[in-house]
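What follows is the content of target07.pdb (PDB, C-alpha atoms, pLDDT in the B column).
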MODEL        1
ATOM      1  CA  MET A   1      22.615 -34.119  17.396  1.00 84.00           C
ATOM      2  CA  ARG A   2      22.210 -37.083  15.070  1.00 90.00           C
ATOM      3  CA  ILE A   3      25.022 -38.831  13.208  1.00 95.00           C
ATOM      4  CA  ALA A   4      24.079 -40.076   9.743  1.00 95.00           C
ATOM      5  CA  ARG A   5      25.721 -41.343   6.597  1.00 95.00           C
ATOM      6  CA  ALA A   6      26.659 -38.360   4.500  1.00 95.00           C
ATOM      7  CA  THR A   7      25.343 -37.959   0.979  1.00 94.00           C
ATOM      8  CA  ARG A   8      26.139 -35.589  -1.859  1.00 94.00           C
ATOM      9  CA  ARG A   9      23.918 -32.936  -0.246  1.00 94.00           C
ATOM     10  CA  HIS A  10      26.190 -32.870   2.845  1.00 95.00           C
ATOM     11  CA  VAL A  11      29.356 -32.139   0.829  1.00 95.00           C
ATOM     12  CA  PRO A  12      29.142 -28.301   1.015  1.00 96.00           C
ATOM     13  CA  ALA A  13      28.676 -28.305   4.815  1.00 95.00           C
ATOM     14  CA  ILE A  14      31.533 -30.777   5.355  1.00 96.00           C
ATOM     15  CA  ALA A  15      33.795 -28.834   2.955  1.00 96.00           C
ATOM     16  CA  ASP A  16      33.094 -25.665   4.973  1.00 95.00           C
ATOM     17  CA  LEU A  17      34.124 -27.490   8.169  1.00 94.00           C
ATOM     18  CA  MET A  18      37.308 -28.776   6.550  1.00 94.00           C
ATOM     19  CA  ALA A  19      38.263 -25.355   5.138  1.00 95.00           C
ATOM     20  CA  ALA A  20      37.801 -23.735   8.568  1.00 94.00           C
ATOM     21  CA  SER A  21      40.021 -26.245  10.373  1.00 92.00           C
ATOM     22  CA  PRO A  22      43.360 -24.790  11.595  1.00 89.00           C
ATOM     23  CA  LEU A  23      44.885 -28.283  11.419  1.00 84.00           C
ATOM     24  CA  LEU A  24      43.853 -28.799   7.790  1.00 88.00           C
ATOM     25  CA  LYS A  25      45.220 -25.388   6.838  1.00 87.00           C
ATOM     26  CA  ARG A  26      48.671 -26.898   7.528  1.00 81.00           C
ATOM     27  CA  TYR A  27      47.860 -29.419   4.788  1.00 83.00           C
ATOM     28  CA  ARG A  28      46.737 -26.601   2.465  1.00 88.00           C
ATOM     29  CA  VAL A  29      43.115 -27.790   2.361  1.00 92.00           C
ATOM     30  CA  THR A  30      40.780 -25.323   0.651  1.00 94.00           C
ATOM     31  CA  ARG A  31      37.005 -25.389   0.388  1.00 95.00           C
ATOM     32  CA  ALA A  32      37.212 -26.121  -3.351  1.00 96.00           C
ATOM     33  CA  GLY A  33      39.732 -28.925  -2.847  1.00 95.00           C
ATOM     34  CA  ALA A  34      37.715 -30.378   0.016  1.00 95.00           C
ATOM     35  CA  SER A  35      34.559 -30.299  -2.118  1.00 96.00           C
ATOM     36  CA  ARG A  36      36.291 -32.181  -4.931  1.00 96.00           C
ATOM     37  CA  SER A  37      37.769 -34.778  -2.546  1.00 95.00           C
ATOM     38  CA  LEU A  38      34.443 -35.313  -0.794  1.00 96.00           C
ATOM     39  CA  ALA A  39      32.544 -35.637  -4.083  1.00 95.00           C
ATOM     40  CA  ASP A  40      35.094 -38.287  -5.133  1.00 95.00           C
ATOM     41  CA  ALA A  41      34.581 -40.040  -1.781  1.00 95.00           C
ATOM     42  CA  VAL A  42      30.808 -40.133  -2.267  1.00 94.00           C
ATOM     43  CA  ARG A  43      31.255 -41.558  -5.788  1.00 93.00           C
ATOM     44  CA  ALA A  44      33.740 -44.157  -4.480  1.00 94.00           C
ATOM     45  CA  ARG A  45      31.274 -45.121  -1.735  1.00 93.00           C
ATOM     46  CA  ASP A  46      33.674 -44.293   1.083  1.00 96.00           C
ATOM     47  CA  LEU A  47      31.990 -44.252   4.473  1.00 96.00           C
ATOM     48  CA  LEU A  48      31.261 -40.626   5.386  1.00 97.00           C
ATOM     49  CA  LEU A  49      29.509 -39.931   8.665  1.00 97.00           C
ATOM     50  CA  VAL A  50      28.270 -36.451   9.507  1.00 97.00           C
ATOM     51  CA  ALA A  51      26.754 -34.742  12.553  1.00 96.00           C
ATOM     52  CA  MET A  52      24.690 -31.724  11.501  1.00 91.00           C
ATOM     53  CA  ASP A  53      23.747 -28.757  13.695  1.00 91.00           C
ATOM     54  CA  ASP A  54      21.335 -26.221  12.191  1.00 89.00           C
ATOM     55  CA  GLY A  55      22.544 -26.850   8.643  1.00 85.00           C
ATOM     56  CA  ALA A  56      26.243 -26.767   9.507  1.00 88.00           C
ATOM     57  CA  ALA A  57      28.487 -29.794   9.902  1.00 91.00           C
ATOM     58  CA  ALA A  58      29.431 -30.044  13.581  1.00 95.00           C
ATOM     59  CA  GLY A  59      31.707 -33.003  12.883  1.00 96.00           C
ATOM     60  CA  PHE A  60      32.364 -35.860  10.515  1.00 96.00           C
ATOM     61  CA  ALA A  61      34.340 -39.028   9.987  1.00 98.00           C
ATOM     62  CA  TRP A  62      35.705 -40.253   6.652  1.00 97.00           C
ATOM     63  CA  LEU A  63      36.596 -43.933   6.376  1.00 97.00           C
ATOM     64  CA  ILE A  64      37.795 -46.193   3.596  1.00 95.00           C
ATOM     65  CA  VAL A  65      37.121 -49.913   3.956  1.00 91.00           C
ATOM     66  CA  SER A  66      39.476 -52.349   2.252  1.00 87.00           C
ATOM     67  CA  ARG A  67      40.257 -56.045   2.020  1.00 80.00           C
ATOM     68  CA  ALA A  68      43.956 -55.098   2.173  1.00 79.00           C
ATOM     69  CA  LEU A  69      46.008 -55.598   5.325  1.00 82.00           C
ATOM     70  CA  ASP A  70      43.737 -58.335   6.703  1.00 84.00           C
ATOM     71  CA  HIS A  71      40.497 -56.418   6.047  1.00 89.00           C
ATOM     72  CA  SER A  72      41.538 -53.053   7.458  1.00 91.00           C
ATOM     73  CA  ALA A  73      39.629 -49.806   7.321  1.00 96.00           C
ATOM     74  CA  TYR A  74      41.422 -46.473   7.209  1.00 96.00           C
ATOM     75  CA  LEU A  75      40.156 -43.442   9.097  1.00 97.00           C
ATOM     76  CA  ARG A  76      41.134 -40.722   6.665  1.00 95.00           C
ATOM     77  CA  LEU A  77      39.744 -37.912   8.782  1.00 95.00           C
ATOM     78  CA  LEU A  78      37.851 -37.286  12.004  1.00 97.00           C
ATOM     79  CA  LEU A  79      37.043 -33.634  12.494  1.00 96.00           C
ATOM     80  CA  VAL A  80      34.895 -31.826  15.055  1.00 96.00           C
ATOM     81  CA  ASP A  81      34.122 -28.108  14.842  1.00 94.00           C
ATOM     82  CA  ARG A  82      35.837 -26.178  17.647  1.00 91.00           C
ATOM     83  CA  ARG A  83      32.464 -25.097  19.069  1.00 91.00           C
ATOM     84  CA  HIS A  84      31.514 -28.753  19.568  1.00 94.00           C
ATOM     85  CA  GLN A  85      34.805 -30.110  20.910  1.00 90.00           C
ATOM     86  CA  SER A  86      35.016 -31.654  24.386  1.00 90.00           C
ATOM     87  CA  GLN A  87      31.295 -32.472  24.311  1.00 93.00           C
ATOM     88  CA  GLY A  88      31.551 -36.140  23.305  1.00 94.00           C
ATOM     89  CA  LEU A  89      30.904 -35.676  19.590  1.00 96.00           C
ATOM     90  CA  GLY A  90      34.309 -37.044  18.556  1.00 96.00           C
ATOM     91  CA  ALA A  91      33.772 -40.113  20.738  1.00 97.00           C
ATOM     92  CA  ALA A  92      30.277 -40.590  19.284  1.00 97.00           C
ATOM     93  CA  LEU A  93      31.627 -40.350  15.734  1.00 97.00           C
ATOM     94  CA  MET A  94      34.421 -42.846  16.544  1.00 97.00           C
ATOM     95  CA  SER A  95      31.970 -45.284  18.111  1.00 97.00           C
ATOM     96  CA  ARG A  96      29.653 -45.111  15.109  1.00 97.00           C
ATOM     97  CA  ALA A  97      32.598 -45.378  12.692  1.00 97.00           C
ATOM     98  CA  GLU A  98      33.952 -48.472  14.435  1.00 97.00           C
ATOM     99  CA  ARG A  99      30.519 -50.090  14.508  1.00 96.00           C
ATOM    100  CA  ASP A 100      29.906 -49.373  10.817  1.00 96.00           C
ATOM    101  CA  VAL A 101      33.294 -50.606   9.547  1.00 96.00           C
ATOM    102  CA  ARG A 102      33.028 -53.759  11.651  1.00 94.00           C
ATOM    103  CA  ALA A 103      29.605 -54.396  10.110  1.00 94.00           C
ATOM    104  CA  LEU A 104      31.281 -54.042   6.699  1.00 93.00           C
ATOM    105  CA  GLY A 105      33.830 -56.735   7.635  1.00 92.00           C
ATOM    106  CA  ALA A 106      36.807 -54.690   8.856  1.00 94.00           C
ATOM    107  CA  ARG A 107      39.033 -56.424  11.396  1.00 94.00           C
ATOM    108  CA  HIS A 108      41.228 -53.403  12.056  1.00 96.00           C
ATOM    109  CA  LEU A 109      40.969 -49.643  11.929  1.00 97.00           C
ATOM    110  CA  VAL A 110      44.141 -47.710  11.136  1.00 96.00           C
ATOM    111  CA  LEU A 111      44.729 -43.976  11.177  1.00 97.00           C
ATOM    112  CA  LEU A 112      47.408 -41.320  11.033  1.00 95.00           C
ATOM    113  CA  VAL A 113      47.768 -38.509  13.557  1.00 94.00           C
ATOM    114  CA  THR A 114      50.063 -35.522  13.197  1.00 90.00           C
ATOM    115  CA  ARG A 115      52.834 -36.372  15.635  1.00 91.00           C
ATOM    116  CA  THR A 116      52.687 -32.983  17.348  1.00 90.00           C
ATOM    117  CA  ASN A 117      48.901 -33.189  17.885  1.00 90.00           C
ATOM    118  CA  ARG A 118      48.998 -34.357  21.508  1.00 94.00           C
ATOM    119  CA  ARG A 119      45.277 -33.851  22.038  1.00 92.00           C
ATOM    120  CA  ALA A 120      44.349 -36.143  19.136  1.00 94.00           C
ATOM    121  CA  ARG A 121      46.952 -38.754  20.120  1.00 95.00           C
ATOM    122  CA  SER A 122      45.555 -38.842  23.650  1.00 96.00           C
ATOM    123  CA  PHE A 123      41.998 -39.107  22.284  1.00 96.00           C
ATOM    124  CA  TYR A 124      42.824 -42.156  20.144  1.00 97.00           C
ATOM    125  CA  GLU A 125      44.828 -43.837  22.901  1.00 97.00           C
ATOM    126  CA  ARG A 126      41.882 -43.394  25.313  1.00 96.00           C
ATOM    127  CA  HIS A 127      39.718 -45.121  22.713  1.00 97.00           C
ATOM    128  CA  GLY A 128      41.938 -48.191  22.497  1.00 97.00           C
ATOM    129  CA  TYR A 129      44.256 -47.335  19.617  1.00 98.00           C
ATOM    130  CA  ALA A 130      47.899 -48.391  19.823  1.00 97.00           C
ATOM    131  CA  ARG A 131      50.687 -46.325  18.294  1.00 97.00           C
ATOM    132  CA  VAL A 132      52.604 -48.468  15.823  1.00 96.00           C
ATOM    133  CA  GLY A 133      55.278 -45.974  14.845  1.00 94.00           C
ATOM    134  CA  ASP A 134      56.068 -42.686  13.147  1.00 93.00           C
ATOM    135  CA  LEU A 135      56.107 -41.819   9.456  1.00 92.00           C
ATOM    136  CA  PRO A 136      58.226 -38.686   8.911  1.00 87.00           C
ATOM    137  CA  GLY A 137      56.977 -36.572   6.009  1.00 85.00           C
ATOM    138  CA  PHE A 138      54.567 -39.277   4.847  1.00 86.00           C
ATOM    139  CA  ALA A 139      51.461 -37.186   4.088  1.00 80.00           C
ATOM    140  CA  ARG A 140      53.161 -33.820   3.629  1.00 81.00           C
ATOM    141  CA  ALA A 141      56.837 -32.851   3.631  1.00 84.00           C
ATOM    142  CA  GLY A 142      57.852 -31.393   6.979  1.00 84.00           C
ATOM    143  CA  ILE A 143      54.893 -32.885   8.879  1.00 84.00           C
ATOM    144  CA  ASP A 144      55.454 -36.149  10.736  1.00 91.00           C
ATOM    145  CA  GLU A 145      52.603 -38.591  11.297  1.00 93.00           C
ATOM    146  CA  SER A 146      52.100 -41.379  13.807  1.00 95.00           C
ATOM    147  CA  LEU A 147      50.376 -44.589  12.732  1.00 96.00           C
ATOM    148  CA  TYR A 148      47.727 -46.008  15.093  1.00 97.00           C
ATOM    149  CA  VAL A 149      45.725 -49.244  14.915  1.00 97.00           C
ATOM    150  CA  LYS A 150      42.851 -50.887  16.735  1.00 97.00           C
ATOM    151  CA  SER A 151      41.952 -54.514  16.073  1.00 96.00           C
ATOM    152  CA  TRP A 152      38.930 -56.634  16.919  1.00 91.00           C
ATOM    153  CA  ARG A 153      38.602 -60.341  17.385  1.00 70.00           C
ATOM    154  CA  ARG A 154      37.312 -62.292  14.445  1.00 61.00           C
ATOM    155  CA  ARG A 155      33.675 -63.167  14.746  1.00 51.00           C
TER     156      ARG A 155
ENDMDL
END

Transcribe the structure of this file into structure tokens.
Amino acid sequence: MRIARATRRHVPAIADLMAASPLLKRYRVTRAGASRSLADAVRARDLLLVAMDDGAAAGFAWLIVSRALDHSAYLRLLLVDRRHQSQGLGAALMSRAERDVRALGARHLVLLVTRTNRRARSFYERHGYARVGDLPGFARAGIDESLYVKSWRRR
């Protein structure tokens, strides 16, 4: 499976993946809403990485690079289809995402994880991310998030 930068043509496949996610259902994500958000991301030139498997999105990463907060990038979403979990795809997407945002000048990568999502928290901690703290109700009322960060030395 190859990871590539997503384009407008990938939006329907990624939106399908988002709409099928049990986690994103908690955030009331629909296929139509995901399509609109992804189209906006493509127009804004956010970094979207996608792994395709027979025309379907097996996983993707959505990152926003900024000069704010000492040149931080924000991982808005990392999502792997259930059929492809525990096969290294999430790690491959993270590795590619980190490499790409560093090449764009990011010194840090920050992300939010639903506090009750132990599997995701463990995944990010294994990949060198440090938990900074919790943000109760930050993204959605009634859902608490944990803030994680990974920093790299300046070149």

(message) Expand the PyMOL selection byres ((chain A and resi 105) around 9) into the explicit residue set it covers here, and present it as a ChimeraX atom specification.
(response) /A:65-67,71-72,100-104,106-107

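Note that atom CA of A:Leu75 and atom CA of A:Ala6 are 15.1 Å apart.
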
(message) What would the selection look like, as an MDAnalysis selection string, if the PyMOL selection byres ((chain A and resi 93) around 12) were run on the coordinates I just shared?
(response) chainID A and resid 1:5 47:52 58:63 75 77:80 85 87:92 94:100 127

(request) One decimal, Å: what's the distance from atom CA of A:Val42 over to atom CA of A:Val29, could you say? (result)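 Those two atoms sit 18.0 Å apart.
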
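Here atom CA of A:Asp53 and atom CA of A:Arg83 stand 10.9 Å from one another.
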
(request) Measuring atom to atom with only C-alpha atoms, identify which of A:Tyr129, A:Arg45, A:Ala34, A:Ala120 is nearest to A:Ala20. (result)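 Of A:Tyr129, A:Arg45, A:Ala34, A:Ala120, the one nearest A:Ala20, counting only C-alpha atoms, is A:Ala34.
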